[in-house]
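In what follows, a single structure is set out as structure tokens and then discussed.
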Amino acid sequence: MQIPVVRNVLEANEKMAAQVRRRLSERSILALNLISSPGAGKTALLERTLRDLAGEFRMAVIEGDLQTDNDARRVAATGAQAVQINTDGGCHLDSNMVLSALDNLDLAGLDILFIENVGNLVCPVEFDCGEDAKVALLSVAEGDDKPEKYPLLFNLAKALVLNKIDLLPHVDFDLDRARAFATRLNKDLAIFELSCRSGAGLESWYAWLREMRAAKKAS
């Protein structure tokens, strides 16, 4: 009895996701869905990105959390638009939430919309939010076998950010092993090793954003 219910939920979400995608595509807005475990550094990456690329792109963020508006306030402090979605215990955002959040954003002239999903490596992956690409984040403070344990995210993502590489001397994390697991699942996965604290590796991430934005505009 559960299978039809799950199928109906996902089908309804897909219809809403198509509306989100259509609405953003009409304005050539690139939408990226950031997915990671709690504490992997999604908000820190957004803070650096929003500040460093403020002169190039007009950007906005939809923040997903169980409770509080802490991350939305951090993002808003960069000068970017930010909308908070509290799921009140829900483990992921869905396309209906994102569609509603769009009404609270000024989409005119917007170049990039970041969706910072709830910290979770499972549920957010299954719900399309109308994004152009999923971006997986994995910090070196976590296990290097995460791609093997949670394959769906790394299979569907277009990019993988290996974050907090400044901590490598202090943790047991094998970058080559993490890369091997991830690329075995997705040979086309773009992988960036970076540190939001030191700034190392950020330019490669920014170059990828520029390419994605240009491709979206051209389409």
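To be explicit about the labels: the chains of the structure tokens are called A, B, and onward in the order shown, and within each one the residues are counted from 1, while ligands get numbers from 1 in the order they are shown.
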Each residue of region 107-211 of chain A with at least one atom at most 9 Å from region 62-82 of chain A should appear once, together with its nearest atom pair and the corresponding distance in Å (one decimal); atoms considered: only C-alpha atoms; ordering: chain, then increasing residue number; output as a tab-separated table.
residue	atom	partner	partner_atom	distance
A:Leu113	CA	A:Ile62	CA	7.6
A:Phe114	CA	A:Ile62	CA	6.3
A:Ile115	CA	A:Ile62	CA	4.8
A:Glu116	CA	A:Glu63	CA	5.0
A:Asn117	CA	A:Gly64	CA	5.0
A:Val118	CA	A:Gly64	CA	5.1
A:Gly119	CA	A:Asp65	CA	7.6
Could you write out that same residue set with C-alpha atoms as a PDB file, in the first residue's frame?
ATOM      1  CA  LEU A 113      19.736  31.009  -7.313  1.00  0.00           C
ATOM      2  CA  PHE A 114      21.291  28.763  -4.684  1.00  0.00           C
ATOM      3  CA  ILE A 115      19.038  26.354  -2.803  1.00  0.00           C
ATOM      4  CA  GLU A 116      20.706  25.318   0.452  1.00  0.00           C
ATOM      5  CA  ASN A 117      18.888  22.137   1.334  1.00  0.00           C
ATOM      6  CA  VAL A 118      18.382  20.654   4.788  1.00  0.00           C
ATOM      7  CA  GLY A 119      21.493  18.850   6.052  1.00  0.00           C
TER       8      GLY A 119
END
Among region 18-170 of chain A, which ones does DSSP place in helix (DSSP H, G or I), written as a ChimeraX atom specification?
/A:18-25,42-52,70-76,95-102,123-126,146-149,151-156,165-170
Could you pull the residues within 7 Å of region 17-34 of chain A, counting only C-alpha atoms, minus those fewer than 4 positions along the same chain, as a PyMOL selection string?
chain A and resi 13+42+95+99+110-117+128-136+213+216-217
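Taking only C-alpha atoms into account, Ile165 (chain A) lies nearest to A:Leu194 out of the set A:Leu194, A:Ala60, A:Ala12, A:Leu202.
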Can you list every residue in region 61-167 of chain A that DSSP puts in strand (DSSP E or B), as a PyMOL selection string?
chain A and resi 61-65+81-86+112-116+133-139+159-163
